[in-house]
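Heads up, query20.txt below (compact mmCIF, C-alpha atoms):
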# COMPACT_ATOMS: atom_id res chain seq x y z
CA MET A 1 0.00 0.00 0.00
CA ALA A 2 1.38 3.40 -0.98
CA SER A 3 2.04 5.78 1.89
CA SER A 4 -0.27 8.37 0.29
CA SER A 5 -3.14 5.85 0.19
CA ARG A 6 -2.48 4.84 3.79
CA SER A 7 -2.53 8.47 4.92
CA GLN A 8 -5.84 9.05 3.06
CA ILE A 9 -7.40 6.02 4.71
CA LEU A 10 -6.26 7.04 8.19
CA ALA A 11 -7.49 10.58 7.65
CA LEU A 12 -10.91 9.35 6.50
CA TYR A 13 -11.12 6.96 9.44
CA ARG A 14 -10.38 9.76 11.92
CA MET A 15 -12.94 12.06 10.28
CA LEU A 16 -15.61 9.34 10.30
CA MET A 17 -14.98 8.60 13.97
CA ARG A 18 -14.97 12.29 14.86
CA GLU A 19 -18.25 12.98 13.03
CA SER A 20 -19.89 9.83 14.45
CA ASN A 21 -19.10 11.04 17.96
CA LYS A 22 -21.17 14.18 17.28
CA PHE A 23 -24.49 12.33 17.27
CA PRO A 24 -26.50 13.62 20.26
CA SER A 25 -28.24 10.23 20.68
CA TYR A 26 -26.22 7.63 22.60
CA ASN A 27 -27.74 4.75 20.60
CA PHE A 28 -27.24 6.43 17.25
CA ARG A 29 -23.66 7.41 18.17
CA ASN A 30 -22.69 3.89 19.23
CA TYR A 31 -24.29 2.38 16.12
CA ALA A 32 -22.38 4.73 13.76
CA ILE A 33 -19.05 4.16 15.52
CA ARG A 34 -19.48 0.39 15.38
CA ARG A 35 -20.33 0.47 11.66
CA VAL A 36 -17.25 2.58 10.90
CA LYS A 37 -14.95 0.24 12.86
CA ASP A 38 -16.46 -2.89 11.30
CA GLY A 39 -16.19 -1.49 7.77
CA PHE A 40 -12.51 -0.61 8.07
CA ARG A 41 -11.69 -3.87 9.85
CA GLU A 42 -13.35 -5.99 7.13
CA ASN A 43 -11.38 -4.29 4.35
CA LYS A 44 -7.98 -3.82 5.99
CA HIS A 45 -6.33 -6.43 3.76
CA VAL A 46 -7.56 -5.02 0.43
CA ASP A 47 -4.60 -4.20 -1.83
CA ASN A 48 -6.29 -3.95 -5.25
CA PRO A 49 -5.95 -0.28 -6.34
CA LYS A 50 -9.32 -0.22 -8.12
CA LYS A 51 -11.10 -1.78 -5.17
CA MET A 52 -9.31 0.60 -2.79
CA ASP A 53 -10.44 3.63 -4.80
CA GLN A 54 -14.01 2.37 -4.64
CA LEU A 55 -13.81 1.86 -0.88
CA LEU A 56 -12.39 5.36 -0.41
CA SER A 57 -15.23 6.78 -2.50
CA ASP A 58 -17.79 4.87 -0.43
CA ALA A 59 -16.17 6.12 2.79
CA ARG A 60 -16.40 9.74 1.59
CA GLU A 61 -20.08 9.22 0.80
CA SER A 62 -20.60 7.77 4.29
CA LEU A 63 -18.83 10.76 5.80
CA ALA A 64 -21.14 13.16 3.95
CA LEU A 65 -24.16 11.10 5.06
CA ILE A 66 -23.09 11.12 8.71
CA ARG A 67 -22.59 14.89 8.61
CA ARG A 68 -26.08 15.35 7.16
CA GLN A 69 -27.62 13.03 9.74
CA VAL A 70 -25.89 14.84 12.59
CA SER A 71 -27.24 18.16 11.28
CA VAL A 72 -30.72 16.70 10.84
CA GLY A 73 -30.64 15.26 14.34
CA LYS A 74 -29.97 18.71 15.77
CA MET A 75 -32.66 20.37 13.63
CA TYR A 76 -35.68 18.08 13.88
CA GLY A 77 -37.96 18.08 16.88
CA ALA A 78 -38.24 14.30 17.09
CA GLN A 79 -37.04 11.91 19.75
CA ARG A 80 -35.15 9.08 18.06
CA THR A 81 -33.57 5.91 19.33
CA ILE A 82 -31.93 2.89 17.72
CA VAL A 83 -32.01 -0.63 19.13
CA GLU A 84 -30.14 -3.57 17.61
CA GLY A 85 -31.11 -7.19 18.14
CA LEU A 86 -27.89 -9.16 18.47
CA GLY A 87 -29.17 -12.74 18.25
CA SER A 88 -26.67 -15.36 19.43
CA ARG A 89 -22.91 -15.39 19.71
CA HIS A 90 -22.61 -16.69 16.15
CA LEU A 91 -23.52 -13.41 14.51
CA GLU A 92 -22.37 -14.50 11.07
CA LYS A 93 -25.03 -17.25 11.15
CA THR A 94 -27.80 -15.39 12.96
CA PRO A 95 -29.74 -12.60 11.17
CA ARG A 96 -29.70 -9.41 13.18
CA THR A 97 -32.30 -6.66 13.20
CA LEU A 98 -32.22 -2.92 13.61
CA LEU A 99 -35.16 -1.06 15.15
CA VAL A 100 -35.23 2.73 14.73
CA CYS A 101 -37.90 4.46 16.81
CA GLU A 102 -38.96 8.08 16.46
CA ARG A 103 -41.47 10.21 18.33
CA SER A 104 -43.04 13.44 17.09
CA HIS A 105 -46.40 15.17 16.51
CA LEU A 106 -48.42 15.13 13.29
CA ASP A 107 -48.60 18.92 13.23
CA HIS A 108 -44.97 19.57 14.14
CA GLU A 109 -43.32 21.57 11.36
CA ASP A 110 -40.38 19.15 11.28
CA ALA A 111 -42.36 15.90 11.52
CA ARG A 112 -40.95 13.36 9.06
CA LEU A 113 -43.74 10.80 8.94
CA GLY A 114 -44.63 11.65 5.33
CA ARG A 115 -41.02 11.16 4.25
CA HIS A 116 -40.78 7.80 5.99
CA VAL A 117 -43.98 6.53 4.35
CA GLU A 118 -42.91 7.79 0.92
CA GLN A 119 -39.50 6.11 1.02
CA HIS A 120 -40.91 2.67 1.89
CA SER A 121 -42.20 2.04 -1.63
CA PHE A 122 -42.78 -1.70 -1.99
CA ASN A 123 -45.45 -2.76 0.49
CA HIS A 124 -47.45 -5.96 0.39
CA GLN A 125 -49.42 -5.99 3.63
CA LEU A 126 -50.74 -3.72 6.36
CA SER A 127 -52.48 -4.51 9.61
CA LEU A 128 -54.47 -2.06 11.68
CA LEU A 129 -55.40 -2.55 15.33
CA VAL A 130 -58.14 -0.34 16.75
CA PRO A 131 -58.75 -0.99 20.46
CA GLY A 132 -61.96 0.18 22.11
CA CYS A 133 -64.52 -0.64 19.41
CA ASP A 134 -66.25 -3.60 17.77
CA ARG A 135 -66.84 -1.85 14.44
CA LEU A 136 -64.66 0.51 12.43
CA PRO A 137 -65.82 4.07 11.76
CA ALA A 138 -67.40 4.21 8.28
CA GLU A 139 -64.72 6.53 6.86
CA LEU A 140 -61.92 4.26 8.05
CA ASP A 141 -63.62 1.15 6.70
CA ALA A 142 -64.04 2.83 3.30
CA ALA A 143 -60.36 3.87 3.22
CA LEU A 144 -59.20 0.29 3.84
CA LYS A 145 -61.48 -1.07 1.12
CA GLY A 146 -60.54 1.72 -1.28
CA MET A 147 -56.89 0.81 -1.82
CA ARG A 148 -56.19 0.96 -5.55
CA SER A 149 -55.95 -2.12 -7.71
CA PHE A 150 -52.73 -3.53 -9.15
CA LEU A 151 -51.67 -5.65 -12.11
CA LEU A 152 -50.00 -9.05 -12.19
CA VAL A 153 -48.04 -9.45 -15.44
CA ARG A 154 -46.76 -12.93 -16.26
CA ASP A 155 -43.45 -13.57 -18.01
CA LEU A 156 -42.84 -9.91 -18.90
CA PRO A 157 -39.53 -9.23 -20.72
CA LEU A 158 -37.66 -6.60 -18.71
CA ALA A 159 -36.69 -4.92 -21.97
CA ARG A 160 -40.36 -3.85 -22.29
CA LEU A 161 -39.82 -1.47 -19.40
CA LEU A 162 -37.16 0.33 -21.46
CA GLU A 163 -39.17 0.80 -24.64
CA GLU A 164 -39.86 4.39 -25.63
CA ASP A 165 -43.63 4.45 -25.08
CA PHE A 166 -43.33 2.85 -21.63
CA ILE A 167 -40.63 5.25 -20.43
CA ASP A 168 -42.41 8.34 -21.81
CA GLN A 169 -45.89 7.45 -20.56
CA ALA A 170 -45.45 5.35 -17.43
CA VAL A 171 -42.07 6.16 -15.87
CA HIS A 172 -42.18 9.59 -14.25
CA LYS A 173 -39.19 8.98 -12.01
CA GLY A 174 -37.31 6.08 -10.54
CA LYS A 175 -34.72 3.40 -11.09
CA LEU A 176 -34.61 -0.14 -12.38
CA VAL A 177 -32.79 -2.19 -9.74
CA LEU A 178 -31.69 -5.72 -10.56
CA SER A 179 -30.28 -8.14 -8.01
CA VAL A 180 -28.62 -10.91 -10.05
CA ASP A 181 -26.21 -13.78 -9.54
CA LYS A 182 -22.62 -13.61 -10.72
CA ASP A 183 -23.16 -15.55 -13.95
CA THR A 184 -26.05 -13.34 -15.07
CA TYR A 185 -24.11 -10.21 -14.13
CA GLU A 186 -21.11 -11.21 -16.23
CA VAL A 187 -23.25 -12.01 -19.27
CA LEU A 188 -25.24 -8.77 -18.98
CA GLY A 189 -22.13 -6.65 -19.17
CA LEU A 190 -23.75 -3.75 -17.26
CA GLU A 191 -22.05 -1.72 -14.57
CA GLY A 192 -23.00 -2.71 -11.03
CA LYS A 193 -21.69 -3.29 -7.53
CA PRO A 194 -21.14 -6.47 -5.54
CA SER A 195 -23.93 -7.04 -3.07
CA GLN A 196 -22.82 -5.89 0.38
CA TYR A 197 -24.26 -9.12 1.82
CA GLN A 198 -22.05 -11.53 -0.09
CA ARG A 199 -18.83 -12.95 1.26
CA ARG A 200 -15.73 -12.91 -0.91
CA PRO A 201 -15.60 -13.81 -3.70
CA ALA A 202 -18.78 -11.93 -4.63
CA GLY A 203 -21.58 -14.21 -5.79
CA ARG A 204 -24.30 -11.60 -6.29
CA TYR A 205 -24.40 -8.12 -7.85
CA VAL A 206 -26.77 -5.16 -7.87
CA VAL A 207 -27.33 -3.22 -11.11
CA SER A 208 -29.10 0.14 -10.81
CA VAL A 209 -30.35 1.99 -13.90
CA ASP A 210 -31.72 5.54 -13.58
CA LEU A 211 -34.54 5.53 -16.12
CA LYS A 212 -34.70 9.33 -16.23
CA ASP A 213 -30.99 9.92 -16.77
CA LYS A 214 -30.24 11.89 -19.94
CA THR A 215 -28.30 8.99 -21.43
CA MET A 216 -31.36 6.76 -20.91
CA SER A 217 -33.58 8.76 -23.25
CA PRO A 218 -34.76 6.49 -26.12
CA GLY A 219 -31.97 6.18 -28.65
CA GLY A 220 -29.36 7.49 -26.21
CA ARG A 221 -26.08 5.71 -25.62
CA GLY A 222 -27.00 4.40 -22.19
CA HIS A 223 -30.45 3.34 -23.32
CA GLN A 224 -29.07 1.35 -26.25
CA ARG A 225 -26.47 -0.35 -24.07
CA VAL A 226 -28.99 -1.50 -21.44
CA LEU A 227 -31.59 -2.49 -24.03
CA LYS A 228 -29.05 -4.60 -25.88
CA ALA A 229 -27.97 -6.30 -22.65
CA LEU A 230 -31.58 -7.25 -21.82
CA THR A 231 -32.49 -8.43 -25.31
CA GLU A 232 -29.34 -9.91 -26.85
CA HIS A 233 -26.85 -10.73 -24.09
CA THR A 234 -29.27 -12.41 -21.70
CA PRO A 235 -33.00 -11.83 -22.26
CA LEU A 236 -34.54 -11.55 -18.81
CA SER A 237 -38.23 -11.96 -18.06
CA CYS A 238 -40.19 -12.39 -14.86
CA ASP A 239 -43.59 -12.04 -13.25
CA LEU A 240 -44.16 -8.46 -12.07
CA LEU A 241 -46.62 -6.67 -9.83
CA LEU A 242 -47.31 -3.17 -11.14
CA SER A 243 -49.36 -0.33 -9.74
CA GLN A 244 -50.02 3.12 -11.06
CA HIS A 245 -49.09 6.45 -9.54
CA LEU A 246 -51.46 9.11 -10.77
CA PRO A 247 -49.74 12.52 -10.76
CA GLY A 248 -52.38 15.04 -11.76
CA GLY A 249 -54.80 12.22 -12.54
CA GLU A 250 -53.61 12.11 -16.16
CA SER A 251 -51.33 9.06 -16.20
CA PRO A 252 -52.18 6.52 -18.94
CA ALA A 253 -53.54 3.14 -17.99
CA LEU A 254 -50.93 0.45 -17.60
CA GLN A 255 -53.37 -1.99 -19.18
CA SER A 256 -53.10 -0.30 -22.57
CA LEU A 257 -49.29 -0.29 -22.46
CA LEU A 258 -49.13 -3.99 -21.59
CA SER A 259 -52.14 -5.25 -23.53
CA ASN A 260 -50.01 -7.70 -25.53
CA HIS A 261 -48.84 -9.51 -22.42
CA LYS A 262 -50.48 -11.88 -19.94
CA LEU A 263 -51.92 -9.58 -17.30
CA SER A 264 -54.70 -9.62 -14.76
CA GLU A 265 -56.05 -6.94 -12.48
CA HIS A 266 -56.44 -7.57 -8.76
CA ARG A 267 -57.94 -5.76 -5.81
CA PRO A 268 -56.14 -5.83 -2.46
CA ARG A 269 -57.62 -8.45 -0.12
CA VAL A 270 -59.23 -7.05 3.03
CA SER A 271 -59.89 -9.07 6.18
CA SER A 272 -61.05 -8.18 9.67
CA ARG A 273 -61.90 -9.76 12.97
CA VAL A 274 -63.23 -8.57 16.32
CA MET A 275 -61.54 -9.57 19.57
CA THR A 276 -63.10 -9.29 23.01
CA SER A 277 -61.53 -8.82 26.44
CA LEU A 278 -58.16 -8.10 24.88
CA PRO A 279 -55.26 -7.25 27.23
CA CYS A 280 -53.37 -4.29 25.75
CA PRO A 281 -50.01 -2.84 26.81
CA THR A 282 -50.10 0.59 28.37
CA LEU A 283 -48.45 3.19 26.16
CA MET A 284 -47.49 6.69 27.30
CA THR A 285 -46.79 9.03 24.42
CA SER A 286 -43.82 10.66 26.17
CA ASP A 287 -42.22 7.34 27.19
CA LEU A 288 -40.86 6.05 23.88
CA GLN A 289 -38.21 3.82 25.49
CA GLY A 290 -40.53 2.32 28.10
CA GLU A 291 -38.46 3.57 31.01
CA ARG A 292 -41.32 4.78 33.23
CA GLN A 293 -44.97 3.70 32.91
CA SER A 294 -45.06 2.39 29.37
CA CYS A 295 -44.32 -0.77 27.41
CA ASP A 296 -40.99 -0.62 25.53
CA PRO A 297 -41.13 -0.70 21.69
CA GLN A 298 -39.65 -4.20 21.28
CA SER A 299 -42.16 -5.77 23.67
CA PHE A 300 -45.00 -3.83 22.06
CA LEU A 301 -44.10 -5.03 18.56
CA GLU A 302 -43.84 -8.60 19.83
CA TRP A 303 -47.34 -8.26 21.31
CA LEU A 304 -48.69 -6.83 18.04
CA GLY A 305 -47.26 -9.82 16.20
CA ALA A 306 -48.95 -12.19 18.64
CA VAL A 307 -52.29 -10.41 18.07
CA ASP A 308 -51.81 -10.56 14.29
CA VAL A 309 -51.35 -14.35 14.27
CA GLY A 310 -54.23 -14.91 16.67
CA VAL A 311 -52.40 -15.94 19.82
CA SER A 312 -54.91 -16.42 22.63
CA PHE A 313 -54.29 -14.55 25.87
CA GLU A 314 -56.83 -16.67 27.74
CA GLU A 315 -56.05 -19.88 29.59
CA ASP A 316 -57.07 -22.93 27.56
CA ARG A 317 -58.58 -25.61 29.83
CA SER A 318 -59.72 -27.87 26.98
CA GLY A 319 -56.46 -29.81 26.89
CA GLY A 320 -55.35 -28.25 23.61
CA TYR A 321 -52.31 -26.11 22.88
CA LEU A 322 -51.57 -23.64 25.64
CA SER A 323 -49.66 -20.49 24.79
CA SER A 324 -47.26 -19.29 27.44
CA TYR A 325 -47.12 -15.79 25.95
CA GLU A 326 -48.44 -12.99 28.14
CA CYS A 327 -49.23 -9.38 27.37
CA PRO A 328 -46.43 -7.07 28.55
CA GLN A 329 -46.88 -5.07 31.74
CA PRO A 330 -48.26 -2.56 32.49
CA GLN A 331 -51.50 -3.46 30.71
CA THR A 332 -55.22 -2.74 30.54
CA VAL A 333 -58.06 -4.91 29.22
CA VAL A 334 -60.35 -3.45 26.54
CA ASP A 335 -63.86 -4.83 26.00
CA ALA A 336 -63.36 -5.10 22.23
CA ALA A 337 -60.83 -4.39 19.50
CA VAL A 338 -60.87 -4.63 15.71
CA ARG A 339 -57.94 -5.99 13.73
CA CYS A 340 -58.00 -5.34 9.96
CA GLY A 341 -55.56 -6.54 7.32
CA VAL A 342 -54.99 -5.55 3.69
CA SER A 343 -52.67 -7.44 1.34
CA GLY A 344 -51.60 -6.74 -2.23
CA LEU A 345 -49.30 -4.17 -3.81
CA LEU A 346 -49.88 -1.11 -1.61
CA LEU A 347 -48.63 2.31 -2.69
CA PRO A 348 -47.24 4.87 -0.23
CA GLU A 349 -49.87 7.40 -1.40
CA ASP A 350 -52.71 5.12 -0.31
CA ILE A 351 -51.04 4.42 3.02
CA TYR A 352 -50.54 8.12 3.72
CA GLY A 353 -54.18 8.71 2.78
CA LEU A 354 -55.08 6.07 5.35
CA VAL A 355 -52.96 7.88 7.95
CA ASP A 356 -54.96 11.04 7.23
CA VAL A 357 -58.18 9.14 7.96
CA LEU A 358 -56.65 7.65 11.12
CA ARG A 359 -55.88 11.18 12.25
CA ARG A 360 -59.59 11.94 12.31
CA SER A 361 -60.64 8.54 13.66
CA VAL A 362 -58.31 8.57 16.65
CA LEU A 363 -60.05 11.67 17.99
CA GLU A 364 -63.28 9.73 18.58
CA PRO A 365 -63.75 9.54 22.36
CA LYS A 366 -65.04 5.94 22.34
CA LEU A 367 -61.75 4.56 21.09
CA ALA A 368 -58.69 3.64 23.14
CA PRO A 369 -55.92 6.26 23.57
CA TRP A 370 -53.99 4.89 20.57
CA LEU A 371 -54.21 3.08 17.21
CA ALA A 372 -51.47 0.93 15.64
CA LEU A 373 -50.76 0.55 11.92
CA THR A 374 -48.06 -1.89 10.71
CA VAL A 375 -46.88 -1.85 7.08
CA HIS A 376 -44.79 -4.74 5.74
CA GLY A 377 -42.49 -4.48 2.75
CA PHE A 378 -41.94 -7.48 0.51
CA GLN A 379 -39.59 -9.84 2.31
CA ASP A 380 -37.57 -10.56 -0.85
CA SER A 381 -37.46 -6.98 -2.13
CA PRO A 382 -33.92 -6.02 -3.26
CA VAL A 383 -34.42 -2.57 -1.67
CA SER A 384 -35.94 -1.47 1.64
CA TRP A 385 -35.90 2.28 2.40
CA GLY A 386 -35.48 4.44 -0.69
CA THR A 387 -33.08 2.60 -3.00
CA ALA A 388 -30.93 1.17 -0.19
CA GLU A 389 -30.10 -2.50 -0.70
CA HIS A 390 -32.04 -4.93 1.47
CA GLY A 391 -30.26 -8.06 2.65
CA PHE A 392 -33.16 -10.42 2.00
CA LEU A 393 -30.83 -13.34 1.26
CA SER A 394 -29.24 -13.16 4.70
CA GLY A 395 -32.34 -12.28 6.73
CA GLY A 396 -33.51 -8.91 7.94
CA GLU A 397 -36.78 -7.20 8.72
CA ASN A 398 -38.55 -4.78 6.38
CA PHE A 399 -41.52 -3.05 8.04
CA TYR A 400 -42.63 -0.08 10.09
CA THR A 401 -45.27 0.40 12.78
CA LEU A 402 -47.05 3.70 13.41
CA VAL A 403 -48.65 4.24 16.82
CA LEU A 404 -50.99 7.25 16.76
CA PHE A 405 -52.20 8.79 20.01
CA GLN A 406 -55.34 10.85 20.63
CA ASN A 407 -53.33 14.05 21.12
CA LEU A 408 -51.84 13.41 17.60
CA ASP A 409 -48.42 12.53 18.95
CA TYR A 410 -47.04 9.47 17.20
CA TRP A 411 -44.36 6.85 17.42
CA ILE A 412 -42.94 5.24 14.30
CA CYS A 413 -40.83 2.12 14.72
CA MET A 414 -38.88 1.18 11.59
CA ALA A 415 -37.27 -2.26 11.37
CA THR A 416 -34.67 -3.57 8.98
CA GLY A 417 -31.62 -5.83 8.96
CA SER A 418 -28.82 -4.36 11.04
CA HIS A 419 -26.51 -4.31 8.01
CA ASP A 420 -29.09 -2.56 5.82
CA ALA A 421 -28.93 1.20 5.49
CA CYS A 422 -30.41 2.91 8.53
CA PRO A 423 -33.97 4.15 7.81
CA PRO A 424 -34.02 7.89 7.00

Would you mind writing the structure in this file as structure tokens?
Amino acid sequence: MASSSRSQILALYRMLMRESNKFPSYNFRNYAIRRVKDGFRENKHVDNPKKMDQLLSDARESLALIRRQVSVGKMYGAQRTIVEGLGSRHLEKTPRTLLVCERSHLDHEDARLGRHVEQHSFNHQLSLLVPGCDRLPAELDAALKGMRSFLLVRDLPLARLLEEDFIDQAVHKGKLVLSVDKDTYEVLGLEGKPSQYQRRPAGRYVVSVDLKDKTMSPGGRGHQRVLKALTEHTPLSCDLLLSQHLPGGESPALQSLLSNHKLSEHRPRVSSRVMTSLPCPTLMTSDLQGERQSCDPQSFLEWLGAVDVGVSFEEDRSGGYLSSYECPQPQTVVDAAVRCGVSGLLLPEDIYGLVDVLRRSVLEPKLAPWLALTVHGFQDSPVSWGTAEHGFLSGGENFYTLVLFQNLDYWICMATGSHDACPP
């Protein structure tokens, strides 16, 4: 290693450690410092000049990101904490999870709930728990049943997504992200990066194509290169779920663009059930970490999961299966609660519209002091938050839970794999 390269690396390491120490949150600070140390330790034996340049570039990007996050943390009026699930001693074999929790108010000028919802793009299921009632308010029921339809397209050539009419009429912004194995990557001949979840030598690669880049305009150099790779080098096709954003209400129907392919339209599936005498954890809006008179976020999410899968909290004397799970303390028992689920391809716009309805519903005095909405991303999605790679091949969560209180304070708990990018 050249002395100049070594000095650059040491300087970057010191700057990263210095900036990481500026996080006001203890949890956030420790998480950033650990990630910096782990990253440098894993790559200390790299001696390939090209690889070293790439690592230096990535480190500079991380430094800029940390500086922005430190600034944001000082600006925004939201309480934020990060908790990491460590699993067993054998961390390389045990998937780890990262839970980022944030508290704010819907009307706070710096509330970031809308941004969080928008950046979690690929959602397949939501579940809503409404304690204190045996029937949903009519407006809330209509919002759940009004989620927009989506298309299932069978055996669609990916090159179709790059054809001129599709880009001009259906792609307003975004990227085409491909997660492919090594053999496919080498045949494609497109620029990409090794997946951050693969051990050396890399066995999987991520190719990202900005469909609105100038070079990707139909007939452009970049467009021709990618189109040729997907049609001549290795024609790729797959089953796709597609849904339609409607900016200005003037977007063309996807059906007409894909009429020559095998497609079917589907409505999201809606289910609901009423539970009686349900023990519920006590939640205090100001006690995000569960340090005083409230249930901590991890225990609360575990309880929500138990409710979702129908775990009984009553003693079973019939001789059948007896669950040993108990509702976390402190707790209260509500006479009734409604649990609703929606599954399909769910767009962030529809989910945020649902949050707007929840805002009005939570003010009804007959309901419990809070509502809980959990939104699950696709488990095998190659991205989680924004365009950040999701380590679906090595485990990792991909969901968020919104707890909305009657005073319009909220908690949002965002879960992902601990080696995924931290939610925004």

* Asked: Which distance in Å separates CA of Asp141 (chain A) and CA of Val357 (chain A), to one decimal?
  ->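 One can read the CA of Asp141 (chain A) to CA of Val357 (chain A) distance as 9.7 Å.
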
* For Thr276 (chain A), which residue among A:Pro348, A:Pro194, A:Gly39, A:Gly132 is the nearest when counting only C-alpha atoms? ->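 Counting only C-alpha atoms, the residue closest to Thr276 (chain A) is A:Gly132.
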
* Asked: Hey, can you check how far CA of Ala143 (chain A) sits from CA of Arg269 (chain A)?
  ->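 Atom-to-atom, CA of Ala143 (chain A) to CA of Arg269 (chain A), that is 13.1 Å.
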
* Asked: Which residue gives the smallest distance to Pro157 (chain A) among A:Ala138, A:Val403, A:Leu227, A:Ile9, with only C-alpha atoms counted?
  -> A:Leu227

* To do: Just the residues within 8 Å of region 63-69 of chain A, please, counting only C-alpha atoms, with nothing from its chain fewer than 4 positions along; format it as a PyMOL selection string.
  => chain A and resi 15-16+19-20+59+73

* For CA of Pro218 (chain A) and CA of Ser243 (chain A), quote the distance in Å rounded to one decimal. =>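 Distance reported for this atom pair: 23.0 Å.
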
Polymer residues at most 7 Å from region 361-367 of chain A, all atoms listed in the file, same-chain spacing of 2 or more positions, as a CSV table (one decimal) with C-alpha atoms, in the frame of the given file:
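Writing the result to selection_15.csv gives the following:
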chain,number,residue,atom,x,y,z
A,131,PRO,CA,-58.8,-1.0,20.5
A,132,GLY,CA,-62.0,0.2,22.1
A,133,CYS,CA,-64.5,-0.6,19.4
A,357,VAL,CA,-58.2,9.1,8.0
A,358,LEU,CA,-56.6,7.6,11.1
A,359,ARG,CA,-55.9,11.2,12.2
A,369,PRO,CA,-55.9,6.3,23.6
A,370,TRP,CA,-54.0,4.9,20.6
A,371,LEU,CA,-54.2,3.1,17.2
A,405,PHE,CA,-52.2,8.8,20.0
A,406,GLN,CA,-55.3,10.8,20.6
